>>> print(open('query09.txt').read())   # compact mmCIF, C-alpha atoms and all ligand atoms
# COMPACT_ATOMS: atom_id res chain seq x y z
CA MET L 13 -41.19 32.34 -65.50
CA ALA L 14 -40.38 28.66 -65.10
CA THR L 15 -41.21 26.18 -62.35
CA HIS L 16 -38.43 23.80 -61.39
CA ARG L 17 -39.10 20.45 -59.73
CA LEU L 18 -37.02 19.68 -56.60
CA GLY L 19 -37.06 15.97 -55.73
CA ILE L 20 -36.49 15.61 -51.96
CA ILE L 21 -35.89 12.32 -50.16
CA MET L 22 -37.41 13.04 -46.72
CA ASN L 23 -36.35 10.73 -43.87
CA GLY L 24 -37.80 10.80 -40.35
CA VAL L 25 -41.06 12.55 -41.23
CA THR L 26 -43.11 10.40 -38.86
CA GLY L 27 -41.26 12.00 -35.92
CA ARG L 28 -42.23 15.11 -33.97
CA MET L 29 -40.01 17.54 -35.83
CA GLY L 30 -40.07 15.82 -39.22
CA LEU L 31 -43.86 15.74 -39.35
CA ASN L 32 -44.93 19.03 -37.79
CA GLN L 33 -42.22 21.51 -38.65
CA HIS L 34 -40.64 20.08 -41.79
CA LEU L 35 -43.37 18.20 -43.62
CA ILE L 36 -46.54 20.12 -42.68
CA ARG L 37 -45.35 23.63 -41.78
CA SER L 38 -42.61 23.78 -44.43
CA ILE L 39 -42.78 21.45 -47.45
CA VAL L 40 -46.57 21.07 -47.65
CA ALA L 41 -46.96 24.82 -47.03
CA ILE L 42 -44.43 25.66 -49.77
CA ARG L 43 -46.27 23.32 -52.18
CA ASP L 44 -49.62 24.90 -51.26
CA GLN L 45 -48.32 28.40 -52.00
CA GLY L 46 -47.09 27.29 -55.44
CA GLY L 47 -43.44 26.70 -54.62
CA ALA L 48 -40.50 28.75 -53.34
CA ALA L 49 -39.77 31.96 -55.26
CA LEU L 50 -36.32 32.50 -56.78
CA PRO L 51 -34.80 35.99 -57.24
CA ASN L 52 -35.48 35.86 -61.03
CA GLY L 53 -39.18 35.11 -60.50
CA ASP L 54 -38.93 31.38 -61.24
CA ARG L 55 -40.41 29.00 -58.70
CA VAL L 56 -39.21 25.75 -57.19
CA MET L 57 -41.82 23.11 -56.40
CA PRO L 58 -40.77 20.46 -53.86
CA ASP L 59 -41.66 16.92 -54.92
CA PRO L 60 -40.91 14.80 -51.86
CA ILE L 61 -40.64 11.05 -51.44
CA LEU L 62 -41.32 10.13 -47.81
CA VAL L 63 -39.06 7.43 -46.33
CA GLY L 64 -40.03 5.41 -43.26
CA ARG L 65 -39.78 1.98 -41.68
CA ASN L 66 -43.49 1.19 -41.80
CA ALA L 67 -44.77 1.09 -45.40
CA GLU L 68 -48.45 1.54 -44.53
CA ARG L 69 -47.82 4.33 -42.08
CA VAL L 70 -45.61 6.34 -44.39
CA ALA L 71 -47.96 5.78 -47.37
CA ALA L 72 -50.92 6.97 -45.29
CA LEU L 73 -48.97 10.05 -44.24
CA ALA L 74 -48.15 10.81 -47.88
CA ARG L 75 -51.81 10.40 -48.93
CA GLU L 76 -52.99 12.61 -46.08
CA HIS L 77 -50.77 15.45 -47.29
CA GLY L 78 -51.27 15.07 -51.04
CA ILE L 79 -47.83 13.58 -51.64
CA ALA L 80 -47.54 10.96 -54.38
CA ARG L 81 -44.48 9.01 -53.32
CA SER L 82 -43.37 7.03 -50.26
CA THR L 83 -41.00 4.12 -49.63
CA THR L 84 -39.26 2.02 -47.00
CA ASP L 85 -36.19 1.56 -49.19
CA LEU L 86 -33.79 4.43 -48.59
CA THR L 87 -30.96 2.98 -50.69
CA THR L 88 -33.14 2.76 -53.80
CA ALA L 89 -34.50 6.25 -53.12
CA LEU L 90 -30.94 7.60 -52.92
CA ALA L 91 -30.12 5.91 -56.25
CA ASN L 92 -32.75 7.98 -58.10
CA PRO L 93 -30.83 10.81 -59.84
CA ASP L 94 -34.02 12.87 -60.18
CA ASP L 95 -34.22 13.36 -56.42
CA THR L 96 -31.28 15.64 -55.69
CA LEU L 97 -31.81 16.60 -52.04
CA PHE L 98 -31.69 14.31 -49.00
CA PHE L 99 -33.34 15.55 -45.80
CA ASP L 100 -33.04 13.87 -42.40
CA ALA L 101 -35.02 14.54 -39.21
CA ALA L 102 -34.78 11.04 -37.72
CA THR L 103 -32.77 10.27 -34.60
CA THR L 104 -29.46 12.00 -33.93
CA GLN L 105 -27.62 8.70 -33.51
CA MET L 106 -28.23 7.53 -37.09
CA ARG L 107 -27.71 10.89 -38.81
CA ALA L 108 -23.99 10.85 -39.61
CA ASP L 109 -24.16 7.49 -41.41
CA LEU L 110 -27.23 8.50 -43.40
CA LEU L 111 -25.74 11.85 -44.40
CA THR L 112 -22.48 10.16 -45.39
CA GLN L 113 -24.38 7.73 -47.61
CA ALA L 114 -26.34 10.59 -49.21
CA ILE L 115 -23.30 12.82 -49.78
CA GLU L 116 -21.43 9.90 -51.37
CA THR L 117 -24.26 9.46 -53.86
CA GLY L 118 -23.88 13.16 -54.74
CA LYS L 119 -27.03 14.46 -53.06
CA ASN L 120 -27.33 17.92 -51.58
CA ILE L 121 -28.28 17.55 -47.94
CA TYR L 122 -30.36 19.34 -45.34
CA CYS L 123 -30.88 18.04 -41.81
CA GLU L 124 -31.94 18.59 -38.25
CA LYS L 125 -29.44 19.35 -35.52
CA PRO L 126 -27.26 17.91 -34.03
CA VAL L 127 -25.55 16.83 -37.27
CA SER L 128 -23.98 13.95 -35.33
CA ASP L 129 -23.35 12.72 -31.82
CA THR L 130 -19.59 13.42 -31.87
CA LEU L 131 -17.44 16.29 -33.11
CA ALA L 132 -15.15 13.93 -35.04
CA LYS L 133 -18.13 12.71 -37.11
CA ALA L 134 -19.45 16.26 -37.59
CA VAL L 135 -16.08 17.48 -38.87
CA ALA L 136 -15.74 14.45 -41.17
CA LEU L 137 -19.21 15.16 -42.61
CA ALA L 138 -18.40 18.82 -43.30
CA LYS L 139 -15.14 17.84 -44.99
CA LEU L 140 -16.88 15.16 -47.06
CA ALA L 141 -19.55 17.63 -48.19
CA LYS L 142 -16.87 20.14 -49.21
CA ALA L 143 -14.91 17.46 -51.09
CA HIS L 144 -18.03 16.44 -53.03
CA GLY L 145 -18.94 20.06 -53.79
CA ILE L 146 -22.55 19.57 -52.71
CA LYS L 147 -24.87 22.15 -51.13
CA HIS L 148 -25.48 21.48 -47.43
CA GLY L 149 -27.59 22.90 -44.66
CA VAL L 150 -28.45 22.37 -41.01
CA VAL L 151 -31.58 23.56 -39.21
CA GLN L 152 -30.86 26.63 -37.04
CA ASP L 153 -34.49 27.46 -36.34
CA LYS L 154 -34.05 29.63 -33.26
CA LEU L 155 -32.41 32.34 -35.40
CA PHE L 156 -35.75 32.75 -37.18
CA LEU L 157 -37.84 33.19 -34.03
CA PRO L 158 -39.53 36.60 -34.00
CA GLY L 159 -38.31 37.24 -30.43
CA LEU L 160 -34.67 36.65 -31.34
CA ARG L 161 -34.98 38.53 -34.63
CA LYS L 162 -36.22 41.55 -32.67
CA LEU L 163 -33.39 41.20 -30.18
CA ARG L 164 -30.83 41.02 -33.00
CA MET L 165 -32.35 44.15 -34.53
CA LEU L 166 -31.90 45.92 -31.17
CA ARG L 167 -28.24 44.87 -31.07
CA ASP L 168 -27.60 45.95 -34.66
CA SER L 169 -29.31 49.32 -34.03
CA GLY L 170 -26.93 50.03 -31.14
CA PHE L 171 -29.74 49.92 -28.56
CA PHE L 172 -27.69 48.11 -25.89
CA GLY L 173 -24.62 50.37 -25.93
CA ARG L 174 -21.90 47.97 -24.73
CA MET L 175 -23.58 44.63 -24.11
CA PHE L 176 -22.00 42.79 -21.18
CA ALA L 177 -24.36 40.02 -20.01
CA VAL L 178 -26.85 37.51 -21.39
CA ARG L 179 -29.00 35.23 -19.27
CA GLY L 180 -31.19 32.58 -20.81
CA GLU L 181 -33.79 30.24 -19.35
CA PHE L 182 -35.00 27.31 -21.40
CA GLY L 183 -37.25 24.52 -20.29
CA TYR L 184 -40.49 23.12 -18.99
CA TRP L 185 -41.69 20.10 -17.05
CA VAL L 186 -41.47 16.87 -19.06
CA PHE L 187 -43.83 14.43 -17.38
CA GLU L 188 -42.21 11.28 -16.03
CA GLY L 189 -44.84 9.10 -17.69
CA ASP L 190 -45.83 7.13 -14.57
CA TRP L 191 -48.78 8.96 -12.99
CA GLY L 192 -51.42 9.32 -15.65
CA GLN L 193 -49.71 11.91 -17.83
CA PRO L 194 -47.65 10.57 -20.74
CA ALA L 195 -44.20 12.11 -21.24
CA GLN L 196 -44.21 14.73 -23.98
CA ARG L 197 -40.68 13.97 -25.18
CA PRO L 198 -39.53 10.67 -26.76
CA SER L 199 -37.75 8.25 -24.40
CA TRP L 200 -34.59 8.21 -26.57
CA ASN L 201 -33.96 11.76 -25.33
CA TYR L 202 -33.12 10.18 -21.96
CA LYS L 203 -30.87 7.36 -23.22
CA LYS L 204 -27.16 7.86 -23.84
CA ALA L 205 -26.94 4.94 -26.26
CA GLU L 206 -29.67 6.51 -28.40
CA GLY L 207 -28.17 10.00 -28.64
CA GLY L 208 -30.09 11.55 -25.73
CA GLY L 209 -29.17 14.23 -23.20
CA ILE L 210 -30.09 17.89 -22.92
CA ILE L 211 -26.49 19.10 -23.31
CA LEU L 212 -26.15 17.48 -26.75
CA ASP L 213 -29.64 18.64 -27.65
CA MET L 214 -29.53 22.26 -26.49
CA LEU L 215 -25.90 23.42 -26.58
CA CYS L 216 -26.04 22.96 -30.38
CA HIS L 217 -28.78 25.57 -30.40
CA TRP L 218 -27.05 27.88 -27.93
CA ARG L 219 -23.90 27.88 -30.07
CA TYR L 220 -25.55 29.47 -33.10
CA VAL L 221 -27.86 31.66 -31.01
CA LEU L 222 -24.94 33.09 -29.00
CA ASP L 223 -22.62 33.37 -32.04
CA HIS L 224 -25.17 35.17 -34.22
CA CYS L 225 -27.44 37.11 -31.84
CA PHE L 226 -24.87 38.19 -29.27
CA ALA L 227 -21.15 37.46 -29.96
CA PRO L 228 -18.95 34.45 -30.81
CA VAL L 229 -18.52 31.88 -28.00
CA LYS L 230 -14.97 31.67 -26.68
CA ALA L 231 -15.18 29.42 -23.59
CA VAL L 232 -17.64 27.23 -21.69
CA SER L 233 -18.19 25.95 -18.18
CA CYS L 234 -21.07 23.51 -17.89
CA LEU L 235 -22.65 21.55 -15.07
CA GLY L 236 -25.07 18.83 -16.11
CA ALA L 237 -27.51 17.06 -13.81
CA THR L 238 -29.85 14.08 -13.86
CA HIS L 239 -32.77 15.29 -11.80
CA ILE L 240 -35.33 12.60 -12.69
CA PRO L 241 -33.42 9.30 -12.77
CA THR L 242 -36.34 6.96 -13.53
CA ARG L 243 -38.93 7.44 -16.26
CA VAL L 244 -41.60 5.50 -18.14
CA ASP L 245 -41.40 5.06 -21.91
CA GLU L 246 -43.96 5.06 -24.74
CA SER L 247 -44.88 1.43 -24.08
CA GLY L 248 -45.33 1.91 -20.31
CA LYS L 249 -41.98 0.37 -19.42
CA THR L 250 -39.88 1.89 -16.64
CA TYR L 251 -36.34 2.79 -17.66
CA THR L 252 -33.29 4.51 -16.19
CA ASN L 253 -32.50 8.02 -17.38
CA ASP L 254 -28.72 7.76 -17.89
CA VAL L 255 -28.20 11.26 -19.32
CA ASP L 256 -28.35 14.88 -18.22
CA ASP L 257 -31.89 16.31 -18.10
CA ALA L 258 -30.68 19.76 -17.04
CA ALA L 259 -27.62 21.85 -17.87
CA TYR L 260 -26.37 24.95 -16.10
CA ALA L 261 -23.82 26.51 -18.45
CA THR L 262 -21.81 29.72 -18.48
CA PHE L 263 -20.14 31.02 -21.62
CA GLN L 264 -17.55 33.73 -22.26
CA LEU L 265 -18.26 35.56 -25.49
CA GLU L 266 -16.06 37.78 -27.61
CA GLY L 267 -15.91 41.32 -26.24
CA GLY L 268 -16.11 40.21 -22.62
CA ILE L 269 -19.82 39.31 -22.60
CA VAL L 270 -20.79 36.76 -19.94
CA ALA L 271 -23.68 34.51 -21.00
CA HIS L 272 -25.42 32.03 -18.75
CA MET L 273 -27.98 29.51 -20.02
CA ASN L 274 -30.10 27.24 -17.87
CA SER L 275 -31.62 24.40 -19.89
CA SER L 276 -33.96 21.96 -18.18
CA TRP L 277 -36.63 19.36 -18.82
CA ALA L 278 -37.34 19.40 -15.09
CA VAL L 279 -38.45 22.95 -14.39
CA ARG L 280 -41.89 24.48 -13.98
CA VAL L 281 -42.45 27.66 -15.96
CA ARG L 282 -42.93 31.07 -14.36
CA ARG L 283 -41.53 33.46 -16.94
CA ASP L 284 -42.62 35.08 -20.22
CA ASP L 285 -42.06 32.03 -22.44
CA LEU L 286 -40.55 28.54 -22.73
CA VAL L 287 -37.26 30.16 -23.60
CA THR L 288 -36.27 33.69 -22.62
CA PHE L 289 -33.05 35.61 -23.21
CA GLN L 290 -32.22 38.76 -21.27
CA ALA L 291 -29.41 40.92 -22.62
CA ASP L 292 -28.00 43.76 -20.52
CA GLY L 293 -25.98 46.66 -21.89
CA THR L 294 -24.80 50.05 -20.71
CA HIS L 295 -27.65 51.82 -22.53
CA GLY L 296 -30.48 49.34 -22.31
CA SER L 297 -31.70 45.83 -21.60
CA ALA L 298 -34.05 43.54 -23.50
CA VAL L 299 -35.86 40.28 -22.83
CA ALA L 300 -36.86 38.11 -25.78
CA GLY L 301 -39.14 35.08 -25.74
CA LEU L 302 -40.15 32.98 -28.73
CA THR L 303 -42.23 35.73 -30.30
CA ARG L 304 -42.20 38.84 -28.14
CA CYS L 305 -39.39 41.14 -27.06
CA PHE L 306 -39.42 43.83 -24.36
CA THR L 307 -36.96 46.65 -23.78
CA GLN L 308 -35.95 48.97 -20.97
CA HIS L 309 -33.75 51.91 -21.94
CA ARG L 310 -31.37 53.59 -19.48
CA VAL L 311 -33.67 56.63 -19.30
CA ASN L 312 -36.67 54.42 -18.43
CA THR L 313 -34.86 52.41 -15.78
CA PRO L 314 -36.66 52.65 -12.42
CA ARG L 315 -34.95 52.87 -9.07
CA PRO L 316 -36.31 50.03 -6.93
CA VAL L 317 -35.72 50.20 -3.19
CA TRP L 318 -34.60 47.12 -1.28
CA ASN L 319 -36.83 46.96 1.80
CA PRO L 320 -37.75 43.52 3.14
CA ASP L 321 -40.19 45.10 5.63
CA VAL L 322 -42.57 46.30 2.89
CA PRO L 323 -44.17 44.15 0.18
CA GLN L 324 -42.89 45.09 -3.28
CA THR L 325 -44.89 47.99 -4.72
CA MET L 326 -43.41 47.94 -8.20
CA ASN L 327 -44.71 45.64 -10.91
CA PHE L 328 -41.44 45.04 -12.69
CA TYR L 329 -43.09 43.48 -15.75
CA GLU L 330 -44.96 46.75 -16.41
CA GLN L 331 -41.75 48.75 -16.64
CA TRP L 332 -40.79 47.34 -20.03
CA GLU L 333 -41.83 48.45 -23.50
CA GLU L 334 -42.69 45.96 -26.22
CA VAL L 335 -40.93 45.92 -29.60
CA PRO L 336 -43.76 46.16 -32.14
CA ASP L 337 -44.50 43.60 -34.87
CA ASN L 338 -43.60 45.91 -37.75
CA ILE L 339 -43.13 43.03 -40.18
CA SER L 340 -44.90 39.68 -40.49
CA TYR L 341 -43.05 36.67 -39.17
CA GLU L 342 -43.55 33.34 -40.93
CA ASN L 343 -42.75 29.92 -39.49
CA GLY L 344 -38.97 29.88 -39.03
CA PHE L 345 -38.50 26.33 -40.33
CA LYS L 346 -40.29 27.30 -43.57
CA ILE L 347 -38.23 30.49 -43.99
CA GLN L 348 -35.05 28.45 -43.62
CA TRP L 349 -36.26 25.81 -46.13
CA GLU L 350 -37.06 28.53 -48.69
CA ASP L 351 -33.67 30.21 -48.13
CA PHE L 352 -31.93 26.87 -48.65
CA ILE L 353 -33.89 26.15 -51.83
CA ARG L 354 -32.87 29.59 -53.18
CA HIS L 355 -29.28 28.83 -52.23
CA ILE L 356 -29.39 25.55 -54.19
CA TYR L 357 -30.93 27.05 -57.34
CA ALA L 358 -29.71 30.65 -57.36
CA GLY L 359 -26.54 30.48 -55.26
CA THR L 360 -27.90 33.04 -52.80
CA PRO L 361 -25.85 33.49 -49.58
CA TRP L 362 -26.23 30.72 -47.00
CA LYS L 363 -24.47 30.40 -43.68
CA HIS L 364 -26.26 27.49 -41.97
CA ASP L 365 -24.00 24.78 -43.37
CA LEU L 366 -22.38 21.64 -41.97
CA VAL L 367 -19.47 23.69 -40.62
CA GLU L 368 -21.96 25.66 -38.53
CA GLY L 369 -23.58 22.35 -37.56
CA ALA L 370 -20.20 21.01 -36.43
CA LYS L 371 -19.66 24.11 -34.26
CA GLY L 372 -22.86 23.20 -32.40
CA VAL L 373 -21.66 19.66 -31.75
CA GLN L 374 -18.28 21.08 -30.69
CA LEU L 375 -19.89 23.21 -27.98
CA ALA L 376 -22.04 20.29 -26.78
CA GLU L 377 -18.99 18.03 -26.59
CA LEU L 378 -16.98 20.69 -24.73
CA GLY L 379 -19.95 21.19 -22.37
CA LEU L 380 -20.00 17.48 -21.54
CA LYS L 381 -16.22 17.48 -21.07
CA SER L 382 -16.35 20.58 -18.86
CA TRP L 383 -18.93 18.85 -16.68
CA ALA L 384 -16.93 15.61 -16.47
CA GLU L 385 -13.66 17.41 -15.67
CA ARG L 386 -15.25 20.17 -13.55
CA ARG L 387 -13.40 23.00 -15.38
CA TRP L 388 -13.60 25.85 -17.93
CA LEU L 389 -12.72 24.95 -21.52
CA ASP L 390 -11.78 27.22 -24.42
CA VAL L 391 -13.67 26.81 -27.71
CA PRO L 392 -10.98 26.58 -30.42
CA PRO L 393 -11.62 27.41 -34.10
CA LEU L 394 -12.57 24.35 -36.15
CA ASP L 395 -10.15 23.19 -38.81
CA ILE L 396 -12.50 22.33 -41.68
N1 LIG Q 401 -34.69 22.04 -34.24
C1 LIG Q 401 -35.28 21.74 -33.10
O1 LIG Q 401 -35.71 22.60 -32.35
C2 LIG Q 401 -35.45 20.30 -32.70
C3 LIG Q 401 -36.39 19.96 -31.72
C4 LIG Q 401 -36.54 18.62 -31.39
C5 LIG Q 401 -35.77 17.65 -32.01
N2 LIG Q 401 -34.86 18.02 -32.95
C6 LIG Q 401 -34.03 17.00 -33.61
O2 LIG Q 401 -34.84 16.28 -34.53
C7 LIG Q 401 -34.47 14.92 -34.54
C8 LIG Q 401 -35.71 14.07 -34.28
O3 LIG Q 401 -36.23 14.41 -33.00
P1 LIG Q 401 -37.78 14.18 -32.65
O4 LIG Q 401 -37.97 14.84 -31.35
O5 LIG Q 401 -38.59 14.53 -33.81
O6 LIG Q 401 -37.76 12.59 -32.42
P2 LIG Q 401 -38.93 11.52 -32.67
O7 LIG Q 401 -38.58 10.35 -31.82
O8 LIG Q 401 -40.27 12.13 -32.55
O9 LIG Q 401 -38.74 11.11 -34.21
C9 LIG Q 401 -37.69 10.29 -34.63
C10 LIG Q 401 -37.90 9.84 -36.06
O10 LIG Q 401 -36.85 8.90 -36.37
C11 LIG Q 401 -37.42 7.68 -36.82
N3 LIG Q 401 -36.60 6.57 -36.32
C12 LIG Q 401 -36.34 6.27 -35.04
N4 LIG Q 401 -35.58 5.16 -34.97
C13 LIG Q 401 -35.37 4.76 -36.24
C14 LIG Q 401 -34.67 3.67 -36.83
N5 LIG Q 401 -34.04 2.77 -36.08
N6 LIG Q 401 -34.67 3.58 -38.18
C15 LIG Q 401 -35.29 4.50 -38.95
N7 LIG Q 401 -35.97 5.55 -38.44
C16 LIG Q 401 -36.00 5.66 -37.10
C17 LIG Q 401 -38.80 7.64 -36.21
O11 LIG Q 401 -39.64 6.79 -36.96
C18 LIG Q 401 -39.20 9.10 -36.31
O12 LIG Q 401 -39.65 9.40 -37.63
C19 LIG Q 401 -33.36 14.75 -33.52
O13 LIG Q 401 -32.11 14.76 -34.15
C20 LIG Q 401 -33.49 15.97 -32.65
O14 LIG Q 401 -32.27 16.39 -32.09
C21 LIG Q 401 -34.70 19.31 -33.30
>>> encode(input="query09.txt", output="structure tokens", more="lines below")
Ligand SMILES: NC(=O)c1ccc[n+]([C@@H]2O[C@H](COP(=O)([O-])OP(=O)(O)OC[C@H]3O[C@@H](n4cnc5c(N)ncnc54)[C@H](O)[C@@H]3O)[C@@H](O)[C@H]2O)c1
Amino acid sequence: MATHRLGIIMNGVTGRMGLNQHLIRSIVAIRDQGGAALPNGDRVMPDPILVGRNAERVAALAREHGIARSTTDLTTALANPDDTLFFDAATTQMRADLLTQAIETGKNIYCEKPVSDTLAKAVALAKLAKAHGIKHGVVQDKLFLPGLRKLRMLRDSGFFGRMFAVRGEFGYWVFEGDWGQPAQRPSWNYKKAEGGGIILDMLCHWRYVLDHCFAPVKAVSCLGATHIPTRVDESGKTYTNDVDDAAYATFQLEGGIVAHMNSSWAVRVRRDDLVTFQADGTHGSAVAGLTRCFTQHRVNTPRPVWNPDVPQTMNFYEQWEEVPDNISYENGFKIQWEDFIRHIYAGTPWKHDLVEGAKGVQLAELGLKSWAERRWLDVPPLDI
């Protein structure tokens, strides 16, 4: 059994996602376990070089996590033929140019979503990757959430009968930053010029979640809103939120399923989890959160009585049965990294590519257009 070295140029690892999910929970964890296992028993050991703007900061981060290499010079890093994979989790706005540069130097690429801030750029990237024959991947982490994996298992087992409706609630209160509680999202999320907006951020996710856990998305109607127009940034400066901080979107899926997703950074949580999906079918319903999933079969469906004169006697939450944890669920970002590494080395099947990434940007762009034009829009197949 051999161990192969995978040189990865990691950009954006000082950010929220880059640091926590990709560096610590994925790459450092894979190194600590002795690499990613290939089907033939060989192992692949990631050997990252961390790229950042601040030399001291990125070097300290590398030291802290037992990583030997760091740099501020991305162009020189990309010129090293021994590092064959470029990873990007920096801001959305800069991604397309960075990925283009990496693909043109022949690197395989893996990146956060959205792959770009416009569909035209996303399609160009996917075409460029295909033309260069490189391996490419985009983070689709929600597919690896235990809650959604359980829900997909229910669908595949026939639990729902004919599924006809999906309703999703995503969101939590993001503090404004001006009354003693710092905002827990970066200020660029609220600036159009910096790639912000919840529609661009979340409809990318809902595209692959709907396509793969329920049914392919055929049409969208989306209403965006700016509920909190003024916010305070990381340096204490007041700024104008010029993007949507909530999106109320309805989708038509293949097979006549109606899906509605509320996404908001201005909502206070009273539900099972920060995101929940309820699917209703002729034979049963299910509600999935990040980790847990509850079902109600047709034969267990109670008969509530509508009577405004009497306080509700039923505890509706108690009428659902939990799907058990029959398997262990690892961090979804790490699972996806290991799958991608196997795809690079062993050619194992991989569906989370730049074409999939472009589909996410397509739905976000159509959502924004639907809002601007106040109308339903079909989601056409992408010509890539
Ligand atoms: N998969 C998910 O669930 C998920 C969740 C949140 C964010 N994201 C995506 O991850 C990406 C990063 O989001 P985040 O929330 O971690 O943001 P963040 O602001 O915490 O991090 C941004 C990173 O980009 C770097 N950066 C910013 N401006 C730069 C510049 N001019 N030059 C070089 N580097 C620069 C920062 O140093 C930092 O490392 C975004 O594309 C976002 O859409 C994905």
>>> closest_atom_pairs(input="query09.txt", of="region 272-343 of chain L", to="region 184-198 of chain L", cutoff="12 Å", atoms="all atoms listed in the file", output="CSV")
residue,atom,partner,partner_atom,distance
L:Asn274,CA,L:Tyr184,CA,11.2
L:Ser275,CA,L:Tyr184,CA,9.0
L:Ser276,CA,L:Tyr184,CA,6.7
L:Trp277,CA,L:Tyr184,CA,5.4
L:Ala278,CA,L:Trp185,CA,4.8
L:Val279,CA,L:Tyr184,CA,5.0
L:Arg280,CA,L:Trp185,CA,5.4
L:Val281,CA,L:Tyr184,CA,5.8
L:Arg282,CA,L:Tyr184,CA,9.5
L:Arg283,CA,L:Tyr184,CA,10.6
L:Asp285,CA,L:Tyr184,CA,9.7
L:Leu286,CA,L:Tyr184,CA,6.6
L:Val287,CA,L:Tyr184,CA,9.0
L:Thr288,CA,L:Tyr184,CA,11.9
>>> residues_near_ligand(input="query09.txt", ligand="ligand LIG 401 (chain Q)", cutoff="6 Å", atoms="only C-alpha atoms and all ligand atoms", output="ChimeraX atom specification")
/L:24-30,65,101-104,124-126,153,198,213
>>> closest_residue(input="query09.txt", among="L:Leu157, L:Ile353, L:Ala114, L:Leu222", to="Ser340 (chain L)", atoms="only C-alpha atoms")
L:Leu157
>>> residues_around(input="query09.txt", residues="Val178 (chain L)", least_positions_apart="6", cutoff="6 Å", atoms="only C-alpha atoms", output="PyMOL selection string")
chain L and resi 271+290-291
>>> write_last_selection(input="query09.txt", atoms="C-alpha atoms", output="short mmCIF file (atom, residue, chain, number, x, y, z; two decimals), in the frame of the given file")
data_model
loop_
_atom_site.label_atom_id
_atom_site.label_comp_id
_atom_site.auth_asym_id
_atom_site.auth_seq_id
_atom_site.Cartn_x
_atom_site.Cartn_y
_atom_site.Cartn_z
CA ALA L 271 -23.68 34.51 -21.00
CA GLN L 290 -32.22 38.76 -21.27
CA ALA L 291 -29.41 40.92 -22.62
#
>>> atom_distance(input="query09.txt", atom1="CA of Glu334 (chain L)", atom2="CA of Gly170 (chain L)")
17.0 Å
>>> residues_around(input="query09.txt", residues="Pro60 (chain L)", least_positions_apart="5", cutoff="9 Å", atoms="all atoms listed in the file", output="number ranges by chain")
L: 18-22, 39, 79-82, 95
>>> write_last_selection(input="query09.txt", atoms="C-alpha atoms", output="PDB file, in the frame of the given file")
ATOM      1  CA  LEU L  18     -37.020  19.680 -56.600  1.00  0.00           C
ATOM      2  CA  GLY L  19     -37.060  15.970 -55.730  1.00  0.00           C
ATOM      3  CA  ILE L  20     -36.490  15.610 -51.960  1.00  0.00           C
ATOM      4  CA  ILE L  21     -35.890  12.320 -50.160  1.00  0.00           C
ATOM      5  CA  MET L  22     -37.410  13.040 -46.720  1.00  0.00           C
ATOM      6  CA  ILE L  39     -42.780  21.450 -47.450  1.00  0.00           C
ATOM      7  CA  ILE L  79     -47.830  13.580 -51.640  1.00  0.00           C
ATOM      8  CA  ALA L  80     -47.540  10.960 -54.380  1.00  0.00           C
ATOM      9  CA  ARG L  81     -44.480   9.010 -53.320  1.00  0.00           C
ATOM     10  CA  SER L  82     -43.370   7.030 -50.260  1.00  0.00           C
ATOM     11  CA  ASP L  95     -34.220  13.360 -56.420  1.00  0.00           C
TER      12      ASP L  95
END
>>> closest_residue(input="query09.txt", among="L:Ala259, L:Phe306, L:Met175, L:Leu62", to="His34 (chain L)", atoms="all atoms listed in the file")
L:Leu62
>>> residues_near_point(input="query09.txt", point="(-23.0, 27.0, -55.6)", cutoff="12 Å", atoms="only C-alpha atoms", output="list in words")
Asn120, Lys142, His144, Gly145, Ile146, Lys147, His148, Phe352, Ile353, Arg354, His355, Ile356, Tyr357, Ala358, Gly359, Thr360, Pro361 and Trp362 of chain L
>>> closest_residue(input="query09.txt", among="L:Thr117, L:Ala72, L:Leu215, L:Asp44", to="Thr88 (chain L)", atoms="only C-alpha atoms")
L:Thr117
>>> residues_around(input="query09.txt", residues="Ala138 (chain L)", least_positions_apart="6", cutoff="8 Å", atoms="only C-alpha atoms", output="number ranges by chain")
L: 366-367, 370, 396
